[in-house]
Every structure is written in structure tokens, then in C-alpha cells.
$ cat model-v4.tsv   # TSV, C-alpha atoms
chain	number	residue	atom	x	y	z
N	1	MET	CA	0.00	0.00	0.00
N	2	ALA	CA	2.79	2.43	0.85
N	3	ASN	CA	4.50	1.67	-2.44
N	4	GLU	CA	1.33	2.55	-4.36
N	5	TYR	CA	1.13	5.90	-2.57
N	6	SER	CA	4.73	6.78	-3.26
N	7	THR	CA	4.37	5.93	-6.95
N	8	THR	CA	1.24	8.05	-7.22
N	9	ASN	CA	2.90	10.89	-5.33
N	10	ARG	CA	5.96	10.82	-7.59
N	11	LEU	CA	3.78	10.73	-10.70
N	12	GLU	CA	1.72	13.69	-9.46
N	13	THR	CA	4.90	15.68	-8.90
N	14	LYS	CA	6.26	14.83	-12.34
N	15	ILE	CA	3.01	15.73	-14.09
N	16	GLN	CA	2.85	19.01	-12.16
N	17	ARG	CA	6.39	19.87	-13.26
N	18	ILE	CA	5.69	18.98	-16.90
N	19	ILE	CA	2.49	21.01	-17.12
N	20	SER	CA	4.14	23.99	-15.42
N	21	GLN	CA	7.03	23.88	-17.87
N	22	VAL	CA	4.68	23.61	-20.84
N	23	ILE	CA	2.68	26.63	-19.64
N	24	LEU	CA	5.87	28.64	-19.14
N	25	HIS	CA	7.71	27.75	-22.33
N	26	LYS	CA	5.39	26.27	-24.96
N	27	ILE	CA	1.95	27.83	-24.57
N	28	LYS	CA	1.63	30.96	-26.69
N	29	ASP	CA	-1.69	32.18	-25.26
N	30	LYS	CA	-0.83	35.07	-22.95
N	31	ARG	CA	-3.95	34.48	-20.84
N	32	LEU	CA	-2.60	31.10	-19.72
N	33	GLN	CA	0.94	32.22	-18.92
N	34	ARG	CA	-0.10	33.70	-15.56
N	35	ILE	CA	-1.47	30.40	-14.28
N	36	SER	CA	0.37	28.38	-11.69
N	37	ILE	CA	-0.24	24.71	-10.99
N	38	ASP	CA	-0.83	24.31	-7.26
N	39	GLU	CA	-1.67	20.66	-6.84
N	40	ILE	CA	-2.44	17.50	-8.79
N	41	ARG	CA	-4.51	14.62	-7.50
N	42	LEU	CA	-4.49	11.37	-9.43
N	43	SER	CA	-7.24	8.78	-9.15
N	44	ARG	CA	-6.33	5.38	-7.73
N	45	ASP	CA	-6.26	3.79	-11.18
N	46	LEU	CA	-4.26	6.75	-12.59
N	47	SER	CA	-6.85	7.39	-15.29
N	48	PHE	CA	-7.87	10.88	-14.13
N	49	ALA	CA	-5.92	13.84	-12.82
N	50	LYS	CA	-7.52	16.82	-11.10
N	51	ILE	CA	-5.25	19.79	-11.62
N	52	PHE	CA	-5.77	22.66	-9.20
N	53	CYS	CA	-4.57	25.99	-10.56
N	54	SER	CA	-4.43	29.56	-9.39
N	55	THR	CA	-4.07	32.69	-11.43
N	56	LEU	CA	-2.96	36.27	-11.11
N	57	ASN	CA	-4.93	37.14	-14.24
N	58	THR	CA	-7.94	39.09	-13.01
N	59	ASP	CA	-9.03	40.13	-16.50
N	60	GLU	CA	-10.41	36.70	-17.41
N	61	SER	CA	-13.14	34.80	-15.59
N	62	PHE	CA	-12.34	31.47	-13.96
N	63	GLU	CA	-14.71	29.70	-16.36
N	64	THR	CA	-12.91	31.15	-19.39
N	65	LEU	CA	-9.53	30.05	-18.07
N	66	GLU	CA	-10.84	26.55	-17.29
N	67	LYS	CA	-12.19	26.30	-20.86
N	68	LEU	CA	-8.84	27.42	-22.30
N	69	LEU	CA	-6.96	24.88	-20.18
N	70	THR	CA	-9.40	22.12	-21.12
N	71	LYS	CA	-8.97	23.02	-24.78
N	72	ALA	CA	-5.18	22.71	-24.37
N	73	SER	CA	-5.41	19.44	-22.43
N	74	GLY	CA	-4.62	17.38	-25.55
N	75	PHE	CA	-1.38	19.30	-25.95
N	76	PHE	CA	-0.58	18.77	-22.25
N	77	LYS	CA	-1.27	15.05	-22.59
N	78	THR	CA	1.05	14.84	-25.61
N	79	GLU	CA	3.85	16.54	-23.66
N	80	ILE	CA	3.27	14.24	-20.65
N	81	SER	CA	3.45	11.15	-22.87
N	82	LYS	CA	6.71	12.39	-24.40
N	83	SER	CA	8.28	12.90	-20.97
N	84	LEU	CA	6.98	9.92	-19.03
N	85	SER	CA	6.94	6.25	-19.86
N	86	ILE	CA	3.50	5.31	-18.61
N	87	LYS	CA	0.95	3.03	-20.28
N	88	LYS	CA	-1.87	5.52	-20.29
N	89	VAL	CA	-1.77	9.28	-19.83
N	90	PRO	CA	-4.51	10.35	-17.41
N	91	ASN	CA	-7.44	12.50	-18.52
N	92	LEU	CA	-6.90	16.03	-17.24
N	93	LEU	CA	-9.51	18.03	-15.35
N	94	PHE	CA	-8.53	21.62	-14.64
N	95	ILE	CA	-9.98	23.42	-11.63
N	96	ILE	CA	-9.23	27.10	-11.03
N	97	ASP	CA	-8.90	27.49	-7.28
N	98	ASN	CA	-10.00	30.88	-6.01
N	99	HIS	CA	-8.80	30.39	-2.43
N	100	GLU	CA	-6.84	33.66	-2.45
N	101	GLU	CA	-9.87	35.67	-3.47
N	102	TYR	CA	-11.95	33.91	-0.81
N	103	ALA	CA	-9.27	34.52	1.84
N	104	ASN	CA	-9.16	38.22	0.94
N	105	LYS	CA	-12.93	38.50	1.34
N	106	ILE	CA	-12.74	36.80	4.75
N	107	ASN	CA	-9.94	39.13	5.85
N	108	LEU	CA	-11.94	42.19	4.77
N	109	LEU	CA	-14.94	40.95	6.73
N	110	ILE	CA	-12.81	40.35	9.82
N	111	ASP	CA	-11.26	43.81	9.53
N	112	LYS	CA	-14.70	45.36	9.19
N	113	VAL	CA	-16.00	43.55	12.28
N	114	VAL	CA	-12.95	44.56	14.32
N	115	GLU	CA	-13.33	48.19	13.25
N	116	ASP	CA	-17.06	48.17	13.98
N	117	ASP	CA	-16.31	46.70	17.40
N	118	LYS	CA	-13.77	49.45	18.11
N	119	ASN	CA	-16.21	52.16	16.98
N	120	SER	CA	-19.03	50.82	19.14
N	121	LYS	CA	-16.96	51.13	22.34
$ encode --input "model-v4.tsv" --output "C-alpha cells"
Amino acid sequence: MANEYSTTNRLETKIQRIISQVILHKIKDKRLQRISIDEIRLSRDLSFAKIFCSTLNTDESFETLEKLLTKASGFFKTEISKSLSIKKVPNLLFIIDNHEEYANKINLLIDKVVEDDKNSK
């Protein structure tokens, strides 16, 4: 069981590195060049990979960026198959993670409550 986990973990790290390099050096679409790959989770049978991304690009909606990444997934799969010797390249599912935006909203709410508390005293 531990061996299966370590293999999956190593494969996730390799796929993350490959996709990051492809985005940096081979993708020509400027909208995708500000995306960073945060985490990859492979299914137990290695047939699917959820790829969690974040972006600094505030001009495009998350849905648009997910569609662009999904459209480029064939290119990513080709690059993964060139770099890794695995029987089957997993299907890629891109998820734009907006945790930073959510954290900023929470911080603003906390600051507002603290300031309101100070003003009420």
C-alpha cells in the first residue's frame, strides 16, 4: 500500500512539473501564462488527474480560463506522454482554485467587524 502511494505521489509531482514547464515555455496564449499549478490529484487507477490551478490574471473569468486549459489538455497530454513512460496518460480536469480571493474576502470581513467593534466602544 505504501508503495502505491509513493508511486502516485511521484507521478503527481512529475506531471505538475511537466504542465508547469509547458505553460511557461510552450503555450503561446498570454492568458494562460499567468497560471500556476498548485496541486495535482491522481485517481487510484491513474486514469484521471484533477489539476488545481491559481491565477494572477484578473481580466479573465475562472470559467474562461478553465475552458482554455481544457482546450489545451490534448497538448498537455502529448507533452506528458513524451516525458513519461506510462501506459496511459490520465485524462486532465482543470480546476481554477480561487482560495486567495476567498481569503481576501474573509480578511476584509474580519477587519470590518474589528473596526465596527472598536467604533461601538
$ atom_distance --input "model-v4.tsv" --atom1 "CA of Glu100 in chain N" --atom2 "CA of Thr55 in chain N"
9.4 Å
$ axis_aligned_box --input "model-v4.tsv" --around "range 80-90 of chain N" --padding-each-side "3 Å" --output "lines of an AutoDock Vina configuration file"
center_x = 1.9
center_y = 8.6
center_z = -20.9
size_x = 18.8
size_y = 17.2
size_z = 13.0
$ closest_residue --input "model-v4.tsv" --among "N:Lys50, N:Leu24, N:Glu101, N:Ile96" --to "Thr64 in chain N" --atoms "only C-alpha atoms"
N:Ile96
$ residues_near_point --input "model-v4.tsv" --point "(-10.4, 21.4, -11.4)" --cutoff "6 Å" --atoms "all atoms listed in the file" --output "PyMOL selection string"
chain N and resi 50-52+93-96
$ atom_distance --input "model-v4.tsv" --atom1 "CA of Leu42 in chain N" --atom2 "CA of Pro90 in chain N"
8.0 Å
$ closest_atom_pairs --input "model-v4.tsv" --of "range 46-101 of chain N" --to "range 3-22 of chain N" --cutoff "9 Å" --atoms "only C-alpha atoms" --output "JSON lines"
{"residue": "N:Leu46", "atom": "CA", "partner": "N:Thr8", "partner_atom": "CA", "distance": 7.8}
{"residue": "N:Ala49", "atom": "CA", "partner": "N:Glu12", "partner_atom": "CA", "distance": 8.3}
{"residue": "N:Ile51", "atom": "CA", "partner": "N:Gln16", "partner_atom": "CA", "distance": 8.2}
{"residue": "N:Phe76", "atom": "CA", "partner": "N:Ile19", "partner_atom": "CA", "distance": 6.4}
{"residue": "N:Lys77", "atom": "CA", "partner": "N:Ile19", "partner_atom": "CA", "distance": 8.9}
{"residue": "N:Glu79", "atom": "CA", "partner": "N:Ile18", "partner_atom": "CA", "distance": 7.4}
{"residue": "N:Ile80", "atom": "CA", "partner": "N:Ile18", "partner_atom": "CA", "distance": 6.5}
{"residue": "N:Ser83", "atom": "CA", "partner": "N:Ile18", "partner_atom": "CA", "distance": 7.8}
{"residue": "N:Leu84", "atom": "CA", "partner": "N:Lys14", "partner_atom": "CA", "distance": 8.3}
$ atom_distance --input "model-v4.tsv" --atom1 "CA of Leu65 in chain N" --atom2 "CA of Arg31 in chain N"
7.6 Å
$ closest_residue --input "model-v4.tsv" --among "N:Gly74, N:Ser61, N:Leu68, N:Ser47" --to "Leu32 in chain N" --atoms "only C-alpha atoms"
N:Leu68
$ residues_around --input "model-v4.tsv" --residues "Gln33 in chain N" --least-positions-apart "4" --cutoff "9 Å" --atoms "only C-alpha atoms" --output "PyMOL selection string"
chain N and resi 23-25+27-29+57
$ build_atoms --input "model-v4.tsv" --residues "range 76-104 of chain N" --atoms "N, CA and C atoms" --output "compact mmCIF listing (two decimals), in the frame of the given file"
# COMPACT_ATOMS: atom_id res chain seq x y z
N PHE N 76 -1.22 19.16 -23.52
CA PHE N 76 -0.58 18.77 -22.25
C PHE N 76 -0.38 17.25 -22.19
N LYS N 77 -1.39 16.51 -22.62
CA LYS N 77 -1.27 15.05 -22.59
C LYS N 77 -0.16 14.55 -23.52
N THR N 78 -0.03 15.20 -24.68
CA THR N 78 1.05 14.84 -25.61
C THR N 78 2.42 15.08 -24.97
N GLU N 79 2.58 16.22 -24.31
CA GLU N 79 3.85 16.54 -23.66
C GLU N 79 4.14 15.58 -22.49
N ILE N 80 3.10 15.20 -21.75
CA ILE N 80 3.27 14.24 -20.65
C ILE N 80 3.71 12.90 -21.21
N SER N 81 3.08 12.45 -22.30
CA SER N 81 3.45 11.15 -22.87
C SER N 81 4.86 11.15 -23.44
N LYS N 82 5.34 12.31 -23.91
CA LYS N 82 6.71 12.39 -24.40
C LYS N 82 7.72 12.30 -23.26
N SER N 83 7.34 12.81 -22.10
CA SER N 83 8.28 12.90 -20.97
C SER N 83 8.25 11.69 -20.05
N LEU N 84 7.12 11.04 -19.96
CA LEU N 84 6.98 9.92 -19.03
C LEU N 84 6.73 8.63 -19.79
N SER N 85 7.20 7.55 -19.24
CA SER N 85 6.94 6.25 -19.86
C SER N 85 5.86 5.54 -19.03
N ILE N 86 4.62 5.94 -19.27
CA ILE N 86 3.50 5.31 -18.61
C ILE N 86 2.57 4.75 -19.67
N LYS N 87 1.81 3.71 -19.31
CA LYS N 87 0.95 3.03 -20.28
C LYS N 87 -0.14 3.94 -20.81
N LYS N 88 -0.77 4.66 -19.89
CA LYS N 88 -1.87 5.52 -20.29
C LYS N 88 -1.74 6.87 -19.60
N VAL N 89 -1.83 7.92 -20.39
CA VAL N 89 -1.77 9.28 -19.83
C VAL N 89 -3.15 9.58 -19.25
N PRO N 90 -3.20 10.09 -18.02
CA PRO N 90 -4.51 10.35 -17.41
C PRO N 90 -5.27 11.48 -18.11
N ASN N 91 -6.60 11.40 -18.04
CA ASN N 91 -7.44 12.50 -18.52
C ASN N 91 -7.28 13.65 -17.54
N LEU N 92 -7.20 14.86 -18.07
CA LEU N 92 -6.90 16.03 -17.24
C LEU N 92 -8.16 16.85 -17.00
N LEU N 93 -8.40 17.17 -15.73
CA LEU N 93 -9.51 18.03 -15.35
C LEU N 93 -8.93 19.23 -14.62
N PHE N 94 -9.09 20.39 -15.21
CA PHE N 94 -8.53 21.62 -14.64
C PHE N 94 -9.56 22.31 -13.77
N ILE N 95 -9.12 22.71 -12.57
CA ILE N 95 -9.98 23.42 -11.63
C ILE N 95 -9.24 24.67 -11.18
N ILE N 96 -9.83 25.84 -11.48
CA ILE N 96 -9.23 27.10 -11.03
C ILE N 96 -9.65 27.29 -9.58
N ASP N 97 -8.66 27.37 -8.72
CA ASP N 97 -8.90 27.49 -7.28
C ASP N 97 -8.85 28.96 -6.90
N ASN N 98 -9.94 29.46 -6.36
CA ASN N 98 -10.00 30.88 -6.01
C ASN N 98 -9.83 31.09 -4.51
N HIS N 99 -8.99 30.30 -3.88
CA HIS N 99 -8.80 30.39 -2.43
C HIS N 99 -8.22 31.74 -2.00
N GLU N 100 -7.40 32.35 -2.83
CA GLU N 100 -6.84 33.66 -2.45
C GLU N 100 -7.93 34.73 -2.44
N GLU N 101 -8.78 34.70 -3.42
CA GLU N 101 -9.87 35.67 -3.47
C GLU N 101 -10.81 35.47 -2.27
N TYR N 102 -11.10 34.22 -1.96
CA TYR N 102 -11.95 33.91 -0.81
C TYR N 102 -11.29 34.36 0.49
N ALA N 103 -10.00 34.11 0.63
CA ALA N 103 -9.27 34.52 1.84
C ALA N 103 -9.27 36.04 1.99
N ASN N 104 -9.12 36.76 0.89
CA ASN N 104 -9.16 38.22 0.94
C ASN N 104 -10.52 38.73 1.39
